[in-house]
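> Please see the structure below; I have some questions.
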Protein chains: 4
Amino acid sequence: MSETTADPDCHDGHAPGHGYIQDKDKYLARLKRIEGQARGIHRMVDENQYCIDILTQISALTSALQNVAIGLLDDHLRHCVVDAAKSGGPAADAKMAEASAAIARLVKS
Amino acid sequence: MSETTADPDCHDGHAPGHGYIQDKDKYLARLKRIEGQARGIHRMVDENQYCIDILTQISALTSALQNVAIGLLDDHLRHCVVDAAKSGGPAADAKMAEASAAIARLVKS
Amino acid sequence: MSETTADPDCHDGHAPGHGYIQDKDKYLARLKRIEGQARGIHRMVDENQYCIDILTQISALTSALQNVAIGLLDDHLRHCVVDAAKSGGPAADAKMAEASAAIARLVKS
Amino acid sequence: MSETTADPDCHDGHAPGHGYIQDKDKYLARLKRIEGQARGIHRMVDENQYCIDILTQISALTSALQNVAIGLLDDHLRHCVVDAAKSGGPAADAKMAEASAAIARLVKS
(Lines give C-alpha, C1' and ligand atoms only; values in the text may rest on other atoms or scores of the structure.)
Protein backbone atom coordinates (compact mmCIF):
# COMPACT_ATOMS: atom_id res chain seq x y z
CA MET A 1 0.00 0.00 0.00
CA SER A 2 2.74 2.40 -1.03
CA GLU A 3 1.59 6.00 -1.05
CA THR A 4 4.44 7.16 -3.18
CA THR A 5 3.25 6.73 -6.73
CA ALA A 6 -0.31 7.97 -6.54
CA ASP A 7 -3.25 9.48 -4.81
CA PRO A 8 -4.23 6.88 -2.23
CA ASP A 9 -7.91 7.46 -3.01
CA CYS A 10 -7.20 5.87 -6.31
CA HIS A 11 -6.31 2.46 -5.05
CA ASP A 12 -7.08 2.28 -1.38
CA GLY A 13 -9.23 -0.65 -0.30
CA HIS A 14 -11.28 1.73 1.86
CA ALA A 15 -12.58 3.58 -1.17
CA PRO A 16 -14.49 0.77 -2.88
CA GLY A 17 -15.82 2.93 -5.67
CA HIS A 18 -12.36 3.44 -7.14
CA GLY A 19 -10.51 1.57 -9.81
CA TYR A 20 -10.37 -2.20 -10.07
CA ILE A 21 -11.50 -2.68 -6.48
CA GLN A 22 -15.11 -3.34 -7.33
CA ASP A 23 -14.02 -6.23 -9.60
CA LYS A 24 -11.37 -7.38 -7.18
CA ASP A 25 -12.70 -10.92 -6.77
CA LYS A 26 -12.90 -11.36 -10.51
CA TYR A 27 -9.27 -10.22 -10.91
CA LEU A 28 -8.08 -12.41 -8.05
CA ALA A 29 -9.74 -15.44 -9.66
CA ARG A 30 -8.19 -14.68 -13.04
CA LEU A 31 -4.75 -14.20 -11.49
CA LYS A 32 -5.10 -17.45 -9.53
CA ARG A 33 -5.76 -19.17 -12.85
CA ILE A 34 -2.74 -17.41 -14.40
CA GLU A 35 -0.54 -18.60 -11.54
CA GLY A 36 -1.80 -22.13 -12.23
CA GLN A 37 -0.95 -21.73 -15.93
CA ALA A 38 2.60 -20.66 -15.01
CA ARG A 39 2.92 -23.68 -12.71
CA GLY A 40 1.63 -25.90 -15.52
CA ILE A 41 4.30 -24.64 -17.91
CA HIS A 42 6.98 -25.33 -15.32
CA ARG A 43 5.64 -28.88 -14.98
CA MET A 44 5.60 -29.37 -18.77
CA VAL A 45 9.31 -28.53 -18.96
CA ASP A 46 10.03 -30.71 -15.95
CA GLU A 47 8.26 -33.63 -17.67
CA ASN A 48 10.17 -33.01 -20.93
CA GLN A 49 6.98 -32.32 -22.84
CA TYR A 50 7.10 -31.27 -26.45
CA CYS A 51 8.45 -27.74 -27.09
CA ILE A 52 5.61 -26.74 -29.38
CA ASP A 53 3.00 -27.71 -26.80
CA ILE A 54 4.85 -25.60 -24.22
CA LEU A 55 4.95 -22.65 -26.62
CA THR A 56 1.19 -22.96 -27.12
CA GLN A 57 0.69 -22.69 -23.36
CA ILE A 58 3.02 -19.68 -23.17
CA SER A 59 0.99 -17.91 -25.88
CA ALA A 60 -2.21 -18.66 -23.95
CA LEU A 61 -0.70 -17.32 -20.72
CA THR A 62 0.55 -14.18 -22.47
CA SER A 63 -2.96 -13.53 -23.84
CA ALA A 64 -4.52 -14.07 -20.41
CA LEU A 65 -2.07 -11.56 -18.90
CA GLN A 66 -2.78 -9.02 -21.64
CA ASN A 67 -6.49 -9.32 -20.99
CA VAL A 68 -5.99 -8.66 -17.27
CA ALA A 69 -3.80 -5.67 -18.12
CA ILE A 70 -6.38 -4.28 -20.55
CA GLY A 71 -9.10 -4.66 -17.90
CA LEU A 72 -7.03 -2.97 -15.19
CA LEU A 73 -6.15 -0.14 -17.54
CA ASP A 74 -9.79 0.37 -18.47
CA ASP A 75 -10.74 0.53 -14.77
CA HIS A 76 -7.85 2.92 -14.16
CA LEU A 77 -8.94 5.26 -16.96
CA ARG A 78 -12.57 5.23 -15.81
CA HIS A 79 -11.74 6.02 -12.19
CA CYS A 80 -8.33 7.43 -11.33
CA VAL A 81 -7.78 9.23 -14.63
CA VAL A 82 -11.31 10.63 -14.80
CA ASP A 83 -11.05 11.88 -11.22
CA ALA A 84 -7.67 13.46 -11.93
CA ALA A 85 -9.03 15.07 -15.10
CA LYS A 86 -11.88 16.63 -13.14
CA SER A 87 -9.48 18.04 -10.53
CA GLY A 88 -7.12 19.33 -13.22
CA GLY A 89 -3.73 20.93 -12.58
CA PRO A 90 -0.27 19.37 -12.66
CA ALA A 91 -1.49 16.27 -10.78
CA ALA A 92 -3.85 15.53 -13.67
CA ASP A 93 -1.03 15.96 -16.19
CA ALA A 94 1.16 13.61 -14.18
CA LYS A 95 -1.67 11.05 -14.10
CA MET A 96 -2.02 11.20 -17.89
CA ALA A 97 1.72 10.85 -18.44
CA GLU A 98 1.78 7.88 -16.09
CA ALA A 99 -1.14 6.17 -17.87
CA SER A 100 0.44 6.78 -21.28
CA ALA A 101 3.75 5.31 -20.14
CA ALA A 102 1.94 2.20 -18.86
CA ILE A 103 0.10 1.87 -22.19
CA ALA A 104 3.39 2.22 -24.08
CA ARG A 105 4.98 -0.55 -21.99
CA LEU A 106 2.02 -2.85 -22.69
CA VAL A 107 1.96 -2.13 -26.43
CA LYS A 108 5.71 -2.76 -26.70
CA SER A 109 5.82 -5.85 -24.48
CA MET B 1 4.74 -37.32 -22.45
CA SER B 2 2.11 -37.41 -25.20
CA GLU B 3 3.35 -39.15 -28.30
CA THR B 4 0.67 -37.65 -30.46
CA THR B 5 2.03 -34.33 -31.59
CA ALA B 6 5.65 -35.16 -32.33
CA ASP B 7 8.50 -37.49 -32.72
CA PRO B 8 9.29 -38.54 -29.15
CA ASP B 9 13.02 -38.31 -29.91
CA CYS B 10 12.51 -34.62 -30.12
CA HIS B 11 11.53 -34.04 -26.53
CA ASP B 12 12.06 -37.23 -24.64
CA GLY B 13 14.12 -36.96 -21.48
CA HIS B 14 16.04 -40.04 -22.52
CA ALA B 15 17.54 -38.26 -25.51
CA PRO B 16 19.49 -35.52 -23.72
CA GLY B 17 21.00 -34.14 -26.90
CA HIS B 18 17.63 -32.89 -28.16
CA GLY B 19 15.87 -29.58 -27.80
CA TYR B 20 15.66 -27.60 -24.59
CA ILE B 21 16.60 -30.58 -22.44
CA GLN B 22 20.23 -29.62 -22.11
CA ASP B 23 19.19 -26.26 -20.66
CA LYS B 24 16.37 -27.77 -18.64
CA ASP B 25 17.58 -26.53 -15.25
CA LYS B 26 17.94 -23.00 -16.59
CA TYR B 27 14.37 -23.08 -17.95
CA LEU B 28 13.00 -24.56 -14.74
CA ALA B 29 14.64 -21.78 -12.72
CA ARG B 30 13.26 -19.09 -15.05
CA LEU B 31 9.77 -20.60 -14.92
CA LYS B 32 9.93 -20.84 -11.13
CA ARG B 33 10.68 -17.11 -11.11
CA ILE B 34 7.80 -16.48 -13.53
CA GLU B 35 5.44 -18.40 -11.24
CA GLY B 36 6.64 -16.17 -8.37
CA GLN B 37 5.98 -13.06 -10.48
CA ALA B 38 2.40 -14.28 -11.16
CA ARG B 39 1.89 -14.91 -7.45
CA GLY B 40 3.27 -11.42 -6.71
CA ILE B 41 0.74 -9.82 -9.07
CA HIS B 42 -2.08 -11.71 -7.36
CA ARG B 43 -0.85 -10.39 -4.01
CA MET B 44 -0.63 -6.80 -5.33
CA VAL B 45 -4.31 -6.92 -6.34
CA ASP B 46 -5.24 -8.55 -3.04
CA GLU B 47 -3.46 -5.71 -1.19
CA ASN B 48 -5.19 -3.06 -3.33
CA GLN B 49 -1.91 -1.79 -4.69
CA TYR B 50 -1.82 0.91 -7.30
CA CYS B 51 -3.07 -0.14 -10.79
CA ILE B 52 -0.10 1.33 -12.62
CA ASP B 53 2.37 -0.57 -10.43
CA ILE B 54 0.46 -3.77 -11.18
CA LEU B 55 0.54 -3.03 -14.91
CA THR B 56 4.32 -2.55 -14.70
CA GLN B 57 4.66 -6.02 -13.18
CA ILE B 58 2.39 -7.51 -15.84
CA SER B 59 4.59 -6.00 -18.58
CA ALA B 60 7.68 -7.45 -16.88
CA LEU B 61 6.07 -10.88 -16.63
CA THR B 62 4.98 -10.77 -20.28
CA SER B 63 8.56 -9.95 -21.32
CA ALA B 64 9.95 -12.78 -19.19
CA LEU B 65 7.51 -15.21 -20.81
CA GLN B 66 8.40 -13.99 -24.30
CA ASN B 67 12.08 -14.54 -23.57
CA VAL B 68 11.44 -18.11 -22.44
CA ALA B 69 9.36 -18.70 -25.59
CA ILE B 70 12.09 -17.27 -27.82
CA GLY B 71 14.67 -19.49 -26.12
CA LEU B 72 12.53 -22.63 -26.46
CA LEU B 73 11.84 -21.85 -30.09
CA ASP B 74 15.53 -21.37 -30.80
CA ASP B 75 16.31 -24.73 -29.19
CA HIS B 76 13.46 -26.31 -31.14
CA LEU B 77 14.75 -24.97 -34.46
CA ARG B 78 18.30 -26.07 -33.75
CA HIS B 79 17.34 -29.61 -32.81
CA CYS B 80 13.92 -30.93 -33.79
CA VAL B 81 13.58 -28.84 -36.94
CA VAL B 82 17.15 -29.43 -38.10
CA ASP B 83 16.74 -33.18 -37.56
CA ALA B 84 13.45 -33.19 -39.43
CA ALA B 85 15.00 -31.19 -42.27
CA LYS B 86 17.80 -33.72 -42.60
CA SER B 87 15.31 -36.61 -42.75
CA GLY B 88 13.14 -34.76 -45.26
CA GLY B 89 9.78 -35.97 -46.55
CA PRO B 90 6.29 -35.09 -45.36
CA ALA B 91 7.32 -35.33 -41.69
CA ALA B 92 9.79 -32.49 -42.27
CA ASP B 93 7.11 -30.40 -43.94
CA ALA B 94 4.75 -31.02 -41.01
CA LYS B 95 7.51 -29.98 -38.59
CA MET B 96 8.03 -26.71 -40.46
CA ALA B 97 4.31 -25.97 -40.58
CA GLU B 98 4.06 -26.65 -36.86
CA ALA B 99 7.02 -24.36 -36.05
CA SER B 100 5.61 -21.59 -38.24
CA ALA B 101 2.22 -21.83 -36.56
CA ALA B 102 3.88 -21.55 -33.14
CA ILE B 103 5.85 -18.50 -34.31
CA ALA B 104 2.66 -16.89 -35.64
CA ARG B 105 0.90 -17.42 -32.30
CA LEU B 106 3.82 -15.80 -30.47
CA VAL B 107 4.07 -12.84 -32.84
CA LYS B 108 0.33 -12.22 -32.59
CA SER B 109 0.04 -12.72 -28.82
CA MET C 1 -14.30 14.25 -41.55
CA SER C 2 -17.05 11.89 -40.41
CA GLU C 3 -19.07 13.29 -37.55
CA THR C 4 -20.41 9.91 -36.62
CA THR C 5 -17.84 8.51 -34.28
CA ALA C 6 -17.05 11.50 -32.09
CA ASP C 7 -17.54 14.99 -30.91
CA PRO C 8 -16.21 17.12 -33.79
CA ASP C 9 -14.56 19.46 -31.29
CA CYS C 10 -12.24 16.62 -30.54
CA HIS C 11 -10.66 16.38 -33.95
CA ASP C 12 -11.78 19.29 -36.02
CA GLY C 13 -9.04 21.34 -37.64
CA HIS C 14 -10.80 24.50 -36.55
CA ALA C 15 -10.16 23.75 -32.89
CA PRO C 16 -6.35 23.79 -32.87
CA GLY C 17 -6.10 23.25 -29.13
CA HIS C 18 -7.50 19.72 -29.38
CA GLY C 19 -5.77 16.39 -29.71
CA TYR C 20 -2.91 15.70 -32.07
CA ILE C 21 -3.56 18.80 -34.13
CA GLN C 22 -0.89 20.87 -32.45
CA ASP C 23 1.71 18.24 -33.37
CA LYS C 24 0.20 17.66 -36.77
CA ASP C 25 3.35 18.51 -38.75
CA LYS C 26 5.42 16.18 -36.62
CA TYR C 27 2.95 13.33 -37.22
CA LEU C 28 2.76 14.05 -40.94
CA ALA C 29 6.55 13.89 -41.19
CA ARG C 30 6.69 10.61 -39.28
CA LEU C 31 3.94 9.09 -41.41
CA LYS C 32 5.69 10.23 -44.59
CA ARG C 33 8.76 8.37 -43.38
CA ILE C 34 6.63 5.31 -42.57
CA GLU C 35 5.19 5.38 -46.08
CA GLY C 36 8.76 5.47 -47.41
CA GLN C 37 9.67 2.48 -45.23
CA ALA C 38 6.70 0.53 -46.65
CA ARG C 39 7.80 1.43 -50.19
CA GLY C 40 11.34 0.33 -49.33
CA ILE C 41 10.12 -3.10 -48.17
CA HIS C 42 8.18 -3.50 -51.43
CA ARG C 43 11.35 -2.69 -53.36
CA MET C 44 13.41 -5.16 -51.29
CA VAL C 45 11.02 -7.98 -52.26
CA ASP C 46 10.98 -6.82 -55.87
CA GLU C 47 14.80 -6.94 -55.92
CA ASN C 48 14.82 -10.43 -54.33
CA GLN C 49 16.71 -9.20 -51.30
CA TYR C 50 17.45 -11.51 -48.42
CA CYS C 51 14.40 -12.53 -46.33
CA ILE C 52 16.06 -11.78 -43.00
CA ASP C 53 16.95 -8.24 -44.11
CA ILE C 54 13.34 -7.71 -45.14
CA LEU C 55 12.12 -9.01 -41.77
CA THR C 56 14.42 -6.55 -40.02
CA GLN C 57 12.83 -3.69 -41.95
CA ILE C 58 9.34 -4.97 -41.14
CA SER C 59 10.19 -5.01 -37.41
CA ALA C 60 11.50 -1.44 -37.70
CA LEU C 61 8.34 -0.31 -39.49
CA THR C 62 6.12 -2.02 -36.91
CA SER C 63 7.97 -0.21 -34.11
CA ALA C 64 7.64 3.13 -35.90
CA LEU C 65 3.89 2.56 -36.27
CA GLN C 66 3.53 1.61 -32.61
CA ASN C 67 5.31 4.79 -31.59
CA VAL C 68 2.95 6.91 -33.69
CA ALA C 69 -0.02 5.06 -32.16
CA ILE C 70 1.28 5.59 -28.63
CA GLY C 71 1.76 9.29 -29.33
CA LEU C 72 -1.72 9.72 -30.83
CA LEU C 73 -3.27 7.84 -27.91
CA ASP C 74 -1.43 10.04 -25.42
CA ASP C 75 -2.70 13.17 -27.18
CA HIS C 76 -6.18 11.68 -27.29
CA LEU C 77 -6.19 10.96 -23.55
CA ARG C 78 -4.87 14.41 -22.70
CA HIS C 79 -7.45 16.25 -24.79
CA CYS C 80 -10.58 14.41 -25.90
CA VAL C 81 -10.75 12.07 -22.92
CA VAL C 82 -9.98 14.77 -20.35
CA ASP C 83 -12.62 17.05 -21.87
CA ALA C 84 -15.17 14.23 -21.86
CA ALA C 85 -14.30 13.37 -18.25
CA LYS C 86 -14.92 16.98 -17.23
CA SER C 87 -18.32 17.02 -18.97
CA GLY C 88 -19.27 13.65 -17.48
CA GLY C 89 -22.41 11.72 -18.32
CA PRO C 90 -22.92 8.88 -20.79
CA ALA C 91 -20.82 10.66 -23.44
CA ALA C 92 -17.83 10.46 -21.09
CA ASP C 93 -18.44 6.75 -20.49
CA ALA C 94 -18.65 6.15 -24.24
CA LYS C 95 -15.36 8.02 -24.71
CA MET C 96 -13.63 5.85 -22.13
CA ALA C 97 -15.00 2.63 -23.63
CA GLU C 98 -13.83 3.77 -27.05
CA ALA C 99 -10.32 4.61 -25.80
CA SER C 100 -10.07 1.29 -23.97
CA ALA C 101 -11.11 -0.62 -27.07
CA ALA C 102 -8.43 1.19 -29.10
CA ILE C 103 -5.82 0.36 -26.46
CA ALA C 104 -6.89 -3.31 -26.48
CA ARG C 105 -6.52 -3.45 -30.28
CA LEU C 106 -3.02 -1.97 -30.05
CA VAL C 107 -1.90 -4.27 -27.24
CA LYS C 108 -3.18 -7.32 -29.10
CA SER C 109 -1.87 -6.33 -32.55
CA MET D 1 21.17 -7.78 -53.93
CA SER D 2 23.70 -7.61 -51.15
CA GLU D 3 25.80 -10.74 -50.91
CA THR D 4 27.03 -9.91 -47.45
CA THR D 5 24.44 -11.35 -45.12
CA ALA D 6 23.66 -14.67 -46.73
CA ASP D 7 24.15 -17.33 -49.26
CA PRO D 8 22.93 -15.76 -52.51
CA ASP D 9 21.27 -19.05 -53.47
CA CYS D 10 18.87 -18.37 -50.69
CA HIS D 11 17.31 -15.27 -52.14
CA ASP D 12 18.55 -14.85 -55.66
CA GLY D 13 15.88 -14.33 -58.28
CA HIS D 14 17.68 -16.79 -60.52
CA ALA D 15 16.97 -19.67 -58.14
CA PRO D 16 13.19 -19.69 -58.28
CA GLY D 17 12.83 -22.69 -55.99
CA HIS D 18 14.16 -20.76 -53.01
CA GLY D 19 12.41 -18.80 -50.32
CA TYR D 20 9.65 -16.32 -50.94
CA ILE D 21 10.45 -15.97 -54.61
CA GLN D 22 7.79 -18.35 -55.80
CA ASP D 23 5.16 -16.22 -54.04
CA LYS D 24 6.80 -12.99 -55.05
CA ASP D 25 3.78 -11.55 -56.87
CA LYS D 26 1.55 -12.28 -53.90
CA TYR D 27 3.98 -10.49 -51.56
CA LEU D 28 4.37 -7.54 -53.92
CA ALA D 29 0.57 -7.14 -54.06
CA ARG D 30 0.27 -7.31 -50.27
CA LEU D 31 3.07 -4.78 -49.81
CA LYS D 32 1.49 -2.47 -52.38
CA ARG D 33 -1.68 -2.57 -50.31
CA ILE D 34 0.33 -1.91 -47.13
CA GLU D 35 1.94 1.12 -48.78
CA GLY D 36 -1.56 2.35 -49.62
CA GLN D 37 -2.65 1.84 -46.01
CA ALA D 38 0.32 3.92 -44.82
CA ARG D 39 -0.58 6.65 -47.30
CA GLY D 40 -4.19 6.51 -46.09
CA ILE D 41 -3.12 7.06 -42.48
CA HIS D 42 -1.05 10.05 -43.54
CA ARG D 43 -4.12 11.46 -45.30
CA MET D 44 -6.32 10.87 -42.25
CA VAL D 45 -3.98 12.96 -40.08
CA ASP D 46 -3.75 15.61 -42.79
CA GLU D 47 -7.57 15.82 -42.87
CA ASN D 48 -7.75 16.03 -39.06
CA GLN D 49 -9.73 12.83 -38.83
CA TYR D 50 -10.67 11.38 -35.48
CA CYS D 51 -7.74 9.92 -33.46
CA ILE D 52 -9.53 6.68 -32.64
CA ASP D 53 -10.28 6.03 -36.32
CA ILE D 54 -6.59 6.60 -37.11
CA LEU D 55 -5.56 4.20 -34.34
CA THR D 56 -7.87 1.56 -35.81
CA GLN D 57 -6.11 1.90 -39.17
CA ILE D 58 -2.70 1.68 -37.49
CA SER D 59 -3.73 -1.58 -35.77
CA ALA D 60 -4.91 -2.94 -39.12
CA LEU D 61 -1.64 -1.97 -40.81
CA THR D 62 0.41 -3.53 -38.00
CA SER D 63 -1.52 -6.79 -38.38
CA ALA D 64 -1.02 -6.78 -42.14
CA LEU D 65 2.74 -6.29 -41.65
CA GLN D 66 2.90 -9.09 -39.08
CA ASN D 67 1.17 -11.42 -41.50
CA VAL D 68 3.67 -10.62 -44.24
CA ALA D 69 6.52 -11.18 -41.77
CA ILE D 70 5.07 -14.52 -40.63
CA GLY D 71 4.72 -15.61 -44.27
CA LEU D 72 8.27 -14.59 -45.17
CA LEU D 73 9.63 -16.33 -42.10
CA ASP D 74 7.75 -19.52 -42.96
CA ASP D 75 9.18 -19.45 -46.49
CA HIS D 76 12.63 -18.77 -45.07
CA LEU D 77 12.43 -21.75 -42.69
CA ARG D 78 11.16 -24.06 -45.41
CA HIS D 79 13.89 -23.14 -47.87
CA CYS D 80 17.01 -21.38 -46.63
CA VAL D 81 16.98 -22.93 -43.17
CA VAL D 82 16.16 -26.44 -44.39
CA ASP D 83 18.92 -26.23 -46.99
CA ALA D 84 21.40 -25.00 -44.39
CA ALA D 85 20.34 -27.76 -42.00
CA LYS D 86 21.00 -30.37 -44.66
CA SER D 87 24.46 -28.95 -45.38
CA GLY D 88 25.27 -28.71 -41.67
CA GLY D 89 28.41 -27.19 -40.20
CA PRO D 90 28.97 -23.68 -38.85
CA ALA D 91 27.02 -22.10 -41.73
CA ALA D 92 23.93 -24.00 -40.59
CA ASP D 93 24.43 -22.83 -37.02
CA ALA D 94 24.80 -19.23 -38.23
CA LYS D 95 21.57 -19.59 -40.24
CA MET D 96 19.68 -20.81 -37.18
CA ALA D 97 21.04 -18.02 -34.99
CA GLU D 98 20.04 -15.49 -37.64
CA ALA D 99 16.50 -16.90 -37.95
CA SER D 100 16.08 -16.96 -34.16
CA ALA D 101 17.21 -13.35 -33.87
CA ALA D 102 14.68 -12.32 -36.54
CA ILE D 103 11.92 -14.21 -34.70
CA ALA D 104 12.89 -12.50 -31.42
CA ARG D 105 12.67 -9.07 -33.08
CA LEU D 106 9.22 -9.87 -34.45
CA VAL D 107 7.91 -11.25 -31.15
CA LYS D 108 9.20 -8.22 -29.27
CA SER D 109 8.05 -5.59 -31.79
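By order in the C-alpha coordinates, chains are A, B, ...; within a chain, residues start at 1; ligands start at 1, following the order shown.
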Compile the residues of chain C that lie within 9 Å of chain B, evaluated using only C-alpha atoms, and express the compilation as a count of residues only.
3
> With only C-alpha atoms as the counted atoms, please give the residues lying no more than 9 Å from range 30-44 of chain B, apart from itself and same-chain residues fewer than 5 positions off, as number ranges by chain.
A: 1, 27-32, 34-39, 41-42, 45; B: 25, 49-51, 53-55, 57-58, 60-61, 64-65, 68
> What is the distance between CA of Gln22 in chain D and CA of Gly71 in chain D, in Å to one decimal?
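Computing it gives 12.2 Å between the two atoms.
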> Where does DSSP see alpha helix (DSSP H) in chain A, if you list the residues as a ChimeraX atom specification?
/A:24-46,51-76,82-87,89-108
> Point out the residue among A:Asp74, A:Tyr20, A:Ala84, A:Asp46 with the least atom-to-atom distance to Ile103 in chain A, counting only C-alpha atoms.
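Among A:Asp74, A:Tyr20, A:Ala84, A:Asp46, it is A:Asp74 that comes nearest to Ile103 in chain A.
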> How many Å lie between CA of Lys86 in chain B and CA of Lys86 in chain D, rounded to one decimal?
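So the two atoms, CA of Lys86 in chain B and CA of Lys86 in chain D, lie 5.1 Å apart.
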> How many Å lie between CA of Ala69 in chain D and CA of Ala94 in chain B, rounded to one decimal?
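CA of Ala94 in chain B lies 19.9 Å from CA of Ala69 in chain D.
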